[in-house]
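K.L.:
Next comes target.csv, CSV, C-alpha atoms and all ligand atoms:
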```csv
chain,number,residue,atom,x,y,z
E,1,MET,CA,105.4,87.7,70.8
E,2,PHE,CA,103.0,89.6,68.5
E,3,SER,CA,101.1,87.8,65.8
E,4,ASP,CA,100.8,89.3,62.2
E,5,LYS,CA,97.2,89.9,63.0
E,6,ASP,CA,98.1,91.9,66.2
E,7,ILE,CA,100.6,94.0,64.2
E,8,SER,CA,98.3,94.8,61.3
E,9,HIS,CA,95.6,95.7,63.8
E,10,PHE,CA,98.0,98.0,65.7
E,11,ALA,CA,98.6,99.9,62.5
E,12,SER,CA,95.0,101.0,62.5
E,13,LEU,CA,95.1,102.4,66.1
E,14,GLU,CA,96.2,105.7,67.4
E,15,THR,CA,99.4,105.4,69.4
E,16,PRO,CA,100.8,105.2,72.0
E,17,PHE,CA,98.8,102.6,73.9
E,18,TYR,CA,99.3,99.8,76.4
E,19,PHE,CA,98.5,96.5,74.8
E,20,TYR,CA,97.2,93.9,77.3
E,21,ASP,CA,97.4,90.2,76.5
E,22,LEU,CA,94.7,89.0,78.8
E,23,THR,CA,95.1,85.4,77.7
E,24,LEU,CA,98.7,85.4,78.9
E,25,LEU,CA,97.6,87.2,82.1
E,26,GLN,CA,95.1,84.5,82.7
E,27,LYS,CA,97.7,81.8,82.2
E,28,THR,CA,100.1,83.5,84.5
E,29,LEU,CA,97.5,83.9,87.2
E,30,SER,CA,96.4,80.2,87.0
E,31,THR,CA,100.1,79.0,87.1
E,32,CYS,CA,100.7,81.0,90.2
E,33,ALA,CA,97.4,79.9,91.8
E,34,ASP,CA,98.2,76.3,91.2
E,35,ALA,CA,101.7,76.5,92.5
E,36,ALA,CA,100.5,78.3,95.7
E,37,LYS,CA,97.7,75.8,96.3
E,38,LEU,CA,100.2,73.0,96.5
E,39,TYR,CA,101.4,74.4,99.9
E,40,ASN,CA,98.1,76.1,100.9
E,41,PHE,CA,99.8,79.5,100.5
E,42,HIS,CA,97.6,82.7,100.3
E,43,VAL,CA,98.3,85.2,97.6
E,44,HIS,CA,97.4,88.9,97.8
E,45,TYR,CA,97.9,90.8,94.6
E,46,ALA,CA,99.9,94.1,95.2
E,47,MET,CA,97.5,96.5,93.5
E,48,LYS,CA,100.1,99.2,93.1
E,49,ALA,CA,101.7,97.2,90.3
E,50,ASN,CA,98.7,97.7,88.1
E,51,PHE,CA,95.2,98.8,89.0
E,52,ASN,CA,93.8,98.6,85.4
E,53,GLN,CA,90.1,97.6,85.8
E,54,ARG,CA,90.3,94.6,83.4
E,55,VAL,CA,93.5,93.4,85.1
E,56,LEU,CA,91.9,93.6,88.5
E,57,GLU,CA,88.8,91.8,87.5
E,58,LYS,CA,90.8,88.9,86.2
E,59,ILE,CA,92.9,88.8,89.4
E,60,LYS,CA,89.8,88.9,91.6
E,61,ALA,CA,88.3,86.1,89.6
E,62,THR,CA,91.4,84.0,90.3
E,63,GLY,CA,90.6,84.2,94.0
E,64,PHE,CA,93.6,86.2,95.1
E,65,GLY,CA,93.3,88.8,97.9
E,66,ALA,CA,94.4,92.5,97.5
E,67,ASP,CA,97.4,94.2,99.1
E,68,CYS,CA,96.7,97.9,99.2
E,69,VAL,CA,98.8,100.9,100.0
E,70,SER,CA,96.3,103.7,100.1
E,71,GLY,CA,92.7,104.4,100.9
E,72,GLY,CA,92.1,104.7,97.2
E,73,GLU,CA,93.4,101.2,96.6
E,74,VAL,CA,91.3,99.8,99.5
E,75,SER,CA,88.2,101.4,97.9
E,76,LYS,CA,89.0,100.1,94.5
E,77,ALA,CA,89.6,96.6,95.8
E,78,ILE,CA,86.1,96.7,97.4
E,79,GLU,CA,84.5,98.1,94.3
E,80,ILE,CA,86.0,95.3,92.2
E,81,GLY,CA,84.6,92.8,94.7
E,82,PHE,CA,87.7,91.5,96.5
E,83,SER,CA,86.5,89.9,99.7
E,84,LYS,CA,87.1,92.2,102.6
E,85,ASP,CA,88.7,89.5,104.6
E,86,GLN,CA,91.3,89.2,101.9
E,87,ILE,CA,92.3,92.9,101.9
E,88,VAL,CA,95.4,94.0,103.6
E,89,PHE,CA,96.6,97.6,104.0
E,90,ALA,CA,100.3,98.5,104.2
E,91,GLY,CA,102.1,101.8,103.8
E,92,VAL,CA,104.4,104.0,105.9
E,93,GLY,CA,102.0,107.0,105.8
E,94,LYS,CA,98.4,105.9,106.3
E,95,SER,CA,96.3,109.0,107.1
E,96,ASP,CA,93.6,109.1,109.8
E,97,LYS,CA,91.0,109.3,107.0
E,98,GLU,CA,92.4,106.2,105.3
E,99,ILE,CA,92.6,104.3,108.6
E,100,ASN,CA,89.0,105.2,109.5
E,101,GLY,CA,87.8,104.1,106.0
E,102,ALA,CA,89.6,100.7,106.4
E,103,LEU,CA,88.2,100.3,109.9
E,104,ASP,CA,84.7,101.0,108.6
E,105,ASN,CA,85.2,98.4,105.9
E,106,ASP,CA,86.5,95.7,108.4
E,107,ILE,CA,89.4,94.8,106.1
E,108,PHE,CA,91.4,91.7,107.1
E,109,CYS,CA,94.4,93.6,108.6
E,110,PHE,CA,96.7,96.6,108.7
E,111,ASN,CA,100.3,96.0,108.1
E,112,VAL,CA,101.7,98.5,110.5
E,113,GLU,CA,105.0,100.2,109.8
E,114,SER,CA,105.7,102.3,113.0
E,115,ILE,CA,105.0,102.4,116.7
E,116,GLN,CA,103.2,105.7,116.4
E,117,GLU,CA,101.0,104.2,113.7
E,118,LEU,CA,100.0,101.4,116.1
E,119,GLU,CA,99.0,104.0,118.7
E,120,VAL,CA,96.9,105.9,116.1
E,121,ILE,CA,95.1,102.8,114.9
E,122,ASN,CA,94.4,101.8,118.5
E,123,GLU,CA,93.0,105.3,119.2
E,124,LEU,CA,90.9,105.4,116.0
E,125,ALA,CA,89.6,101.9,116.5
E,126,GLY,CA,88.7,102.7,120.1
E,127,LYS,CA,86.6,105.6,119.0
E,128,LYS,CA,84.6,103.2,116.9
E,129,ASN,CA,84.4,100.5,119.6
E,130,LYS,CA,86.3,98.2,117.3
E,131,LYS,CA,89.4,96.0,117.5
E,132,ALA,CA,91.7,96.4,114.5
E,133,ARG,CA,93.6,93.4,113.3
E,134,VAL,CA,97.3,94.3,112.9
E,135,ALA,CA,100.4,92.6,111.6
E,136,ILE,CA,103.7,94.2,112.4
E,137,ARG,CA,105.8,95.0,109.3
E,138,ILE,CA,109.3,94.3,110.4
E,139,ASN,CA,112.4,95.7,108.5
E,140,PRO,CA,114.6,92.6,108.7
E,141,ASN,CA,117.8,94.2,107.2
E,142,VAL,CA,118.0,91.6,104.4
E,143,ASP,CA,119.6,92.7,101.2
E,144,ALA,CA,117.4,92.0,98.2
E,145,HIS,CA,120.2,92.4,95.7
E,146,THR,CA,118.1,94.5,93.4
E,147,HIS,CA,118.2,98.1,92.2
E,148,HIS,CA,119.0,100.5,95.1
E,149,ASN,CA,115.8,102.5,94.5
E,150,ILE,CA,113.5,99.5,94.9
E,151,THR,CA,115.1,98.0,98.0
E,152,THR,CA,112.9,98.2,101.0
E,153,GLY,CA,114.2,95.8,103.7
E,154,LEU,CA,117.5,97.4,104.8
E,155,ASP,CA,118.1,99.4,108.0
E,156,GLU,CA,118.5,102.6,105.9
E,157,ASN,CA,115.0,102.2,104.3
E,158,LYS,CA,111.9,104.0,105.6
E,159,PHE,CA,109.8,100.8,105.6
E,160,GLY,CA,108.7,98.8,108.6
E,161,ILE,CA,109.7,98.7,112.2
E,162,ASN,CA,113.4,98.0,112.9
E,163,SER,CA,114.4,95.1,115.1
E,164,TRP,CA,115.7,97.4,117.9
E,165,ASP,CA,112.2,98.9,118.2
E,166,LEU,CA,110.5,95.5,118.6
E,167,PRO,CA,110.5,95.5,122.5
E,168,LEU,CA,108.7,98.9,122.5
E,169,CYS,CA,106.4,97.5,119.8
E,170,ALA,CA,105.5,94.5,121.9
E,171,GLU,CA,104.8,96.7,124.9
E,172,THR,CA,102.6,99.0,122.8
E,173,LEU,CA,100.6,96.0,121.5
E,174,LYS,CA,100.1,94.7,125.0
E,175,LYS,CA,98.7,98.0,126.3
E,176,SER,CA,96.4,98.6,123.3
E,177,PRO,CA,93.0,97.2,123.9
E,178,ASN,CA,91.7,98.0,120.4
E,179,LEU,CA,94.4,96.1,118.6
E,180,GLU,CA,94.4,92.4,117.8
E,181,PHE,CA,97.9,91.2,116.8
E,182,ILE,CA,97.7,88.6,114.1
E,183,GLY,CA,101.2,88.2,112.8
E,184,ILE,CA,104.3,89.6,111.1
E,185,HIS,CA,104.9,91.1,107.7
E,186,PHE,CA,107.9,91.6,105.5
E,187,HIS,CA,108.7,93.0,102.1
E,188,ILE,CA,112.3,93.4,101.3
E,189,GLY,CA,112.2,94.8,97.7
E,190,SER,CA,111.1,94.4,94.2
E,191,GLN,CA,112.4,92.8,91.0
E,192,ILE,CA,114.3,90.1,93.0
E,193,THR,CA,115.8,87.5,90.6
E,194,ASN,CA,118.2,85.8,92.9
E,195,LEU,CA,115.9,83.3,94.8
E,196,ASP,CA,118.6,82.8,97.5
E,197,VAL,CA,117.6,86.2,98.8
E,198,TYR,CA,114.4,84.5,100.0
E,199,LYS,CA,116.2,81.9,101.9
E,200,ASN,CA,117.9,84.7,103.9
E,201,LEU,CA,114.5,86.2,104.4
E,202,CYS,CA,113.0,82.9,105.7
E,203,VAL,CA,115.8,82.7,108.3
E,204,ARG,CA,114.8,86.1,109.6
E,205,VAL,CA,111.1,85.4,109.5
E,206,ASN,CA,111.6,82.3,111.6
E,207,GLU,CA,113.7,84.3,114.1
E,208,PHE,CA,111.1,87.1,114.4
E,209,ALA,CA,108.2,84.7,114.7
E,210,GLU,CA,109.9,82.9,117.6
E,211,TRP,CA,110.7,86.3,119.2
E,212,PHE,CA,107.0,87.2,119.3
E,213,GLU,CA,105.9,83.8,120.4
E,214,GLU,CA,108.4,83.8,123.3
E,215,ARG,CA,106.7,86.9,124.5
E,216,GLY,CA,103.3,85.4,124.6
E,217,PHE,CA,102.0,86.5,121.2
E,218,THR,CA,100.3,84.1,118.8
E,219,VAL,CA,101.7,84.5,115.3
E,220,LYS,CA,98.9,83.3,113.1
E,221,VAL,CA,100.0,85.0,109.9
E,222,LEU,CA,103.5,85.0,108.3
E,223,ASN,CA,103.3,87.5,105.5
E,224,VAL,CA,106.5,87.5,103.4
E,225,GLY,CA,105.5,90.2,100.9
E,226,GLY,CA,106.3,90.0,97.2
E,227,GLY,CA,109.2,91.0,95.0
E,228,LEU,CA,109.6,88.1,92.7
E,229,GLY,CA,111.2,89.5,89.5
E,230,ILE,CA,110.6,88.9,85.8
E,231,ASP,CA,113.0,88.5,82.9
E,232,TYR,CA,113.0,91.9,81.2
E,233,HIS,CA,115.7,90.7,78.8
E,234,ASN,CA,113.6,87.8,77.5
E,235,PRO,CA,110.0,88.9,77.5
E,236,GLU,CA,109.2,85.6,75.7
E,237,GLN,CA,110.1,84.0,79.0
E,238,GLN,CA,106.5,84.8,79.8
E,239,ILE,CA,105.6,83.1,83.1
E,240,PRO,CA,107.9,83.4,86.2
E,241,ASP,CA,108.9,80.2,87.9
E,242,PHE,CA,106.3,80.4,90.7
E,243,ALA,CA,106.9,76.7,91.6
E,244,ALA,CA,110.6,77.3,92.4
E,245,TYR,CA,109.7,80.5,94.3
E,246,PHE,CA,107.0,78.9,96.6
E,247,LYS,CA,109.2,75.8,97.1
E,248,ILE,CA,111.8,78.0,98.8
E,249,PHE,CA,109.3,79.2,101.4
E,250,SER,CA,108.0,75.7,101.9
E,251,ASP,CA,111.5,74.4,102.5
E,252,PHE,CA,112.9,77.2,104.6
E,253,LEU,CA,110.0,78.7,106.6
E,254,ASN,CA,109.0,77.1,109.9
E,255,VAL,CA,105.3,76.9,109.6
E,256,ARG,CA,103.0,75.4,112.2
E,257,SER,CA,99.7,73.8,111.3
E,258,ASN,CA,97.7,76.8,112.8
E,259,GLN,CA,99.7,79.3,110.8
E,260,GLU,CA,99.0,80.9,107.4
E,261,VAL,CA,101.6,82.0,104.9
E,262,HIS,CA,100.7,85.1,102.9
E,263,PHE,CA,102.4,86.5,99.8
E,264,GLU,CA,102.0,89.9,98.1
E,265,LEU,CA,103.0,89.5,94.5
E,266,GLY,CA,102.7,92.4,92.0
E,267,ARG,CA,105.2,92.5,89.1
E,268,ALA,CA,105.5,88.7,88.7
E,269,LEU,CA,101.7,88.4,88.1
E,270,VAL,CA,101.2,91.2,85.6
E,271,GLY,CA,104.6,92.3,84.2
E,272,GLN,CA,104.9,90.3,81.1
E,273,SER,CA,101.3,90.6,79.9
E,274,SER,CA,101.5,94.1,78.5
E,275,SER,CA,103.6,96.1,76.1
E,276,LEU,CA,103.7,99.8,75.3
E,277,ILE,CA,103.1,100.3,71.6
E,278,SER,CA,104.5,103.5,70.2
E,279,LYS,CA,105.1,105.0,66.8
E,280,VAL,CA,108.3,106.5,65.4
E,281,LEU,CA,107.8,110.2,65.0
E,282,TYR,CA,111.2,111.1,63.7
E,283,VAL,CA,114.6,109.6,63.0
E,284,LYS,CA,117.6,111.9,63.4
E,285,ASN,CA,120.9,110.6,62.1
E,286,GLY,CA,123.6,112.5,63.9
E,287,LYS,CA,127.3,112.4,63.5
E,288,LYS,CA,127.9,110.6,66.7
E,289,LYS,CA,124.4,109.1,67.4
E,290,ASN,CA,121.2,108.2,65.7
E,291,PHE,CA,118.0,109.0,67.5
E,292,ILE,CA,114.6,107.4,67.2
E,293,ILE,CA,112.0,109.8,68.6
E,294,LEU,CA,108.9,108.0,69.7
E,295,ASP,CA,105.4,109.3,70.4
E,296,ALA,CA,105.6,107.7,73.9
E,297,GLY,CA,107.9,109.1,76.6
E,298,MET,CA,108.6,108.9,80.3
E,299,THR,CA,105.1,110.2,80.8
E,300,GLU,CA,103.8,106.9,79.6
E,301,LEU,CA,106.6,104.6,81.0
E,302,MET,CA,108.6,106.2,83.7
E,303,ARG,CA,110.7,103.2,84.8
E,304,PRO,CA,113.7,103.8,82.5
E,305,ALA,CA,114.0,107.5,83.5
E,306,LEU,CA,113.5,106.7,87.2
E,307,TYR,CA,115.8,103.7,87.7
E,308,GLN,CA,117.5,103.2,84.4
E,309,ALA,CA,115.2,100.2,84.0
E,310,TYR,CA,115.6,98.1,80.9
E,311,HIS,CA,112.5,97.2,78.7
E,312,LYS,CA,113.3,95.3,75.6
E,313,ILE,CA,112.7,97.4,72.5
E,314,SER,CA,111.6,95.9,69.2
E,315,ASN,CA,110.6,97.4,65.8
E,316,ILE,CA,107.5,95.3,65.2
E,317,SER,CA,107.0,96.8,61.7
E,318,ARG,CA,110.3,95.1,60.6
E,319,VAL,CA,110.4,91.8,62.4
E,320,SER,CA,112.0,89.9,59.5
E,321,GLU,CA,114.8,92.5,59.0
E,322,PRO,CA,118.2,92.1,60.8
E,323,ASN,CA,119.3,94.5,63.4
E,324,SER,CA,121.8,96.8,61.6
E,325,VAL,CA,121.8,100.2,63.2
E,326,LYS,CA,122.4,101.5,66.7
E,327,TYR,CA,119.9,104.1,68.0
E,328,ASP,CA,119.2,106.0,71.1
E,329,VAL,CA,115.5,105.5,71.5
E,330,VAL,CA,113.9,108.5,73.2
E,331,GLY,CA,110.6,110.1,73.9
E,332,PRO,CA,109.2,113.6,73.2
E,333,ILE,CA,109.3,114.9,76.8
E,334,CYS,CA,111.4,117.9,77.6
E,335,GLU,CA,113.8,116.0,79.9
E,336,SER,CA,117.2,114.5,78.9
E,337,THR,CA,116.3,111.4,81.0
E,338,ASP,CA,113.4,110.7,78.7
E,339,CYS,CA,115.3,107.9,77.1
E,340,PHE,CA,114.2,104.2,76.8
E,341,GLY,CA,117.6,102.8,75.6
E,342,LYS,CA,121.0,103.9,74.4
E,343,GLU,CA,122.8,102.3,71.5
E,344,VAL,CA,119.9,99.9,70.9
E,345,GLU,CA,120.5,97.6,67.9
E,346,LEU,CA,117.4,97.7,65.6
E,347,PRO,CA,116.7,97.3,61.9
E,348,GLY,CA,117.0,100.5,59.8
E,349,THR,CA,114.0,102.4,61.2
E,350,LEU,CA,111.7,104.9,59.5
E,351,ARG,CA,109.1,107.4,60.5
E,352,GLY,CA,105.8,105.6,61.1
E,353,ASP,CA,107.3,102.3,62.2
E,354,LEU,CA,105.7,100.7,65.3
E,355,ILE,CA,108.0,100.1,68.3
E,356,ALA,CA,107.1,97.9,71.2
E,357,LEU,CA,108.5,98.4,74.7
E,358,ASN,CA,108.0,95.0,76.3
E,359,SER,CA,107.3,93.8,79.8
E,360,THR,CA,105.4,96.9,80.8
E,361,GLY,CA,102.5,95.3,82.7
E,362,ALA,CA,103.8,96.2,86.1
E,363,TYR,CA,104.5,99.8,87.2
E,364,GLY,CA,103.9,101.0,83.7
E,365,GLU,CA,100.4,102.4,83.0
E,366,VAL,CA,99.9,103.1,86.7
E,367,MET,CA,102.9,105.4,86.9
E,368,ALA,CA,102.0,107.5,83.9
E,369,SER,CA,101.8,111.2,84.4
E,370,HIS,CA,100.5,114.3,82.8
E,371,TYR,CA,103.8,116.2,82.8
E,372,ASN,CA,104.0,118.4,79.7
E,373,LEU,CA,100.2,118.3,79.7
E,374,ARG,CA,100.2,114.9,78.0
E,375,GLU,CA,96.9,113.2,77.3
E,376,ASN,CA,95.8,110.0,79.1
E,377,ILE,CA,97.3,106.8,77.8
E,378,VAL,CA,94.8,104.3,76.5
E,379,SER,CA,94.6,100.6,76.8
E,380,VAL,CA,93.9,97.9,74.2
E,381,TYR,CA,93.0,94.3,75.1
E,382,ASN,CA,93.8,91.3,72.9
E,383,THR,CA,90.5,89.7,73.8
E,384,ASP,CA,88.5,92.6,72.4
E,385,ILE,CA,90.2,92.5,69.0
E,386,TYR,CA,89.6,88.9,67.9
M,1,LIG,C1,104.5,96.1,100.9
M,1,LIG,C2,104.6,95.6,99.5
M,1,LIG,N1,104.1,94.4,99.2
M,1,LIG,C3,104.2,94.0,97.9
M,1,LIG,C4,104.8,94.7,96.9
M,1,LIG,C5,104.8,94.1,95.5
M,1,LIG,O1,106.1,94.0,95.0
M,1,LIG,P1,106.4,93.3,93.7
M,1,LIG,O2,105.6,94.0,92.6
M,1,LIG,O3,107.8,93.4,93.5
M,1,LIG,O4,106.0,91.9,93.8
M,1,LIG,C6,105.3,96.0,97.2
M,1,LIG,C7,106.1,96.7,96.2
M,1,LIG,O5,107.3,96.7,96.1
M,1,LIG,C8,105.2,96.4,98.6
M,1,LIG,O6,105.7,97.6,98.9
M,2,LIG,N1,107.8,101.0,90.9
M,2,LIG,C1,108.9,100.1,91.0
M,2,LIG,C2,108.8,99.1,92.1
M,2,LIG,C3,108.4,99.6,93.4
M,2,LIG,C4,107.5,98.7,94.0
M,2,LIG,C5,106.8,99.4,95.2
M,2,LIG,N2,107.5,99.2,96.5
M,2,LIG,C6,109.3,99.5,89.7
M,2,LIG,O1,108.8,99.9,88.7
M,2,LIG,O2,110.1,98.7,89.6
```
Spit out the file's structure as structure tokens when you get a sec.
P.N.:
Amino acid sequence: MFSDKDISHFASLETPFYFYDLTLLQKTLSTCADAAKLYNFHVHYAMKANFNQRVLEKIKATGFGADCVSGGEVSKAIEIGFSKDQIVFAGVGKSDKEINGALDNDIFCFNVESIQELEVINELAGKKNKKARVAIRINPNVDAHTHHNITTGLDENKFGINSWDLPLCAETLKKSPNLEFIGIHFHIGSQITNLDVYKNLCVRVNEFAEWFEERGFTVKVLNVGGGLGIDYHNPEQQIPDFAAYFKIFSDFLNVRSNQEVHFELGRALVGQSSSLISKVLYVKNGKKKNFIILDAGMTELMRPALYQAYHKISNISRVSEPNSVKYDVVGPICESTDCFGKEVELPGTLRGDLIALNSTGAYGEVMASHYNLRENIVSVYNTDIY
């Protein structure tokens, strides 16, 4: 994973930092783009996964669009140079200010998550004498079989419009002169590793597309969201199987020749290309437990504290030594959940060793916080070193 050159360079840097392998990122993006091209599928990158400037520049250069969830993300996408007709805007709570900004920028479409939001967009577009393109985000009640906290497509979740509200939704669309219906949108959850889940989604997408068409709507866009997971246990498994993923949609979605299929991938595109590099501050050998205390904590990588997420931990100062001791690997933050792993088997570890937390490219740097008045985390790029 890391070359000797990487590791000796890391030793000269101040820790903690996010290390980005932009070469791997490029390979991942090209693999995805090639696989999507085979079926003429459109990929929008879910910016929330990582809006690091250098990462965004690479993604834009690949030709992907941007899936945004705030006015800030829409502005950032425009600043980076994503084409406006490849920018989509989802989110359950778009403010009037954010909607007005997106209308002024003539983005491709709003993925609308409630009937009241439809009414507001119609009203705001009317004031500008514009027609807003909208896709209806439907909550299909499909179980993504992922962690409870990152499931979004069940009836109990706040996302999207539920099936029983669709008649009212259709009525609202019909009486809204400043809305142009372009299609339907779904996103059922994140870190999905069981691809069969997507077969179930396709069945529902086909049903809902038919439902709208039977009522006189032309469904031009089928947006199936993102959610493709990565292998956190094997970070060396670097590139997700995009070919298998897209093939499912090609096999199970009913797509007419005048329809476009859109995807919103986040984690799968960026997850494996970054690691959080941290230094051991202290080792405490207790009676019941041994603790490694790192200089990175939940303020730099929140996922383990938030949803007990696993990131493979390795002592990169001792790659040739066998794992011989079990440690709880924790951060310096004043919270008991500030823990990256319990009973982790590592070589005997000493103060000053470098520890890598792997697969942190998605929902890592972007979810960092200043809790405990922590300083900003810095980023280091492999292509700047050599
Ligand atoms: C609407 C929407 N699209 C796309 C994504 C990207 O998800 P992922 O990073 O799992 O591909 C998310 C986040 O879960 C989302 O909420
Ligand atoms: N932040 C979550 C994923 C949520 C995606 C946004 N709906 C994670 O780290 O896994």
K.L.:
Measuring between only C-alpha atoms, which one of E:Lys175, E:Ala135, E:Ile192, E:Ile316 shows the shortest distance to Asp4 of chain E?
P.N.:
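Comparing E:Lys175, E:Ala135, E:Ile192, E:Ile316 against Asp4 of chain E, the winner is E:Ile316.
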K.L.:
Could you pull out every residue with an atom within 10 Å of (98.8, 104.9, 96.9), file coordinates, counting all atoms listed in the file, and send them as a list in words?
P.N.:
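Answer for this query, in the requested form: Met47, Lys48, Cys68, Val69, Ser70, Gly71, Gly72, Glu73, Val74, Ala90, Gly91, Gly93 and Lys94 of chain E.
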K.L.:
Only C-alpha atoms, please: the residues just picked out, written as a PDB file, in the coordinates of the input.
P.N.:
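File produced: selection_0.pdb:
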```pdb
ATOM      1  CA  MET E  47      97.500  96.500  93.500  1.00  0.00           C
ATOM      2  CA  LYS E  48     100.100  99.200  93.100  1.00  0.00           C
ATOM      3  CA  CYS E  68      96.700  97.900  99.200  1.00  0.00           C
ATOM      4  CA  VAL E  69      98.800 100.900 100.000  1.00  0.00           C
ATOM      5  CA  SER E  70      96.300 103.700 100.100  1.00  0.00           C
ATOM      6  CA  GLY E  71      92.700 104.400 100.900  1.00  0.00           C
ATOM      7  CA  GLY E  72      92.100 104.700  97.200  1.00  0.00           C
ATOM      8  CA  GLU E  73      93.400 101.200  96.600  1.00  0.00           C
ATOM      9  CA  VAL E  74      91.300  99.800  99.500  1.00  0.00           C
ATOM     10  CA  ALA E  90     100.300  98.500 104.200  1.00  0.00           C
ATOM     11  CA  GLY E  91     102.100 101.800 103.800  1.00  0.00           C
ATOM     12  CA  GLY E  93     102.000 107.000 105.800  1.00  0.00           C
ATOM     13  CA  LYS E  94      98.400 105.900 106.300  1.00  0.00           C
TER      14      LYS E  94
END
```
K.L.:
Taking into account only C-alpha atoms, which residue in the set E:Asp231, E:Glu343, E:Glu214, E:Glu113 is nearest to Gln191 of chain E?
P.N.:
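With only C-alpha atoms as the atom set, the closest residue is E:Asp231.
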K.L.:
Using all atoms listed in the file, which of E:Thr28, E:Asn105, E:Asn100, E:Ser190 sits nearest ligand LIG 1 (chain M)?
P.N.:
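Residue with the minimum atom-to-atom distance to ligand LIG 1 (chain M): E:Ser190.
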K.L.:
Which neighbours of segment 197-201 of chain E fall inside 8 Å, counting only C-alpha atoms, when residues of the same chain fewer than 2 positions from it are skipped, and could you give them as a list of chain:residue names?
P.N.:
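My list of contacting residues is E:Pro140, E:Val142, E:Asp143, E:Ala144, E:His145, E:Ile192, E:Asn194, E:Leu195, E:Val203, E:Arg204, E:Val205, E:Ile248, E:Phe249, E:Phe252.
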K.L.:
Would you please work out which residue, of E:Ala268, E:Ala132, E:Glu210, E:Asp241, is nearest to Leu253 of chain E when using all atoms listed in the file?
P.N.:
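Closest to Leu253 of chain E of all the choices is E:Glu210.
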K.L.:
Can you work out the spacing between atom CA of Gly65 of chain E and atom O1 of ligand LIG 2 (chain M) in Å, to one decimal?
P.N.:
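These two atoms are separated by 21.2 Å.
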K.L.:
Need the neighbours of (117.9, 99.0, 67.3): which residues are at most 7 Å away, counting only C-alpha atoms, as a list in words?
P.N.:
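These residues have at least one counted atom within 7 Å: Asn323, Val325, Lys326, Tyr327, Val344, Glu345, Leu346 and Pro347 of chain E.
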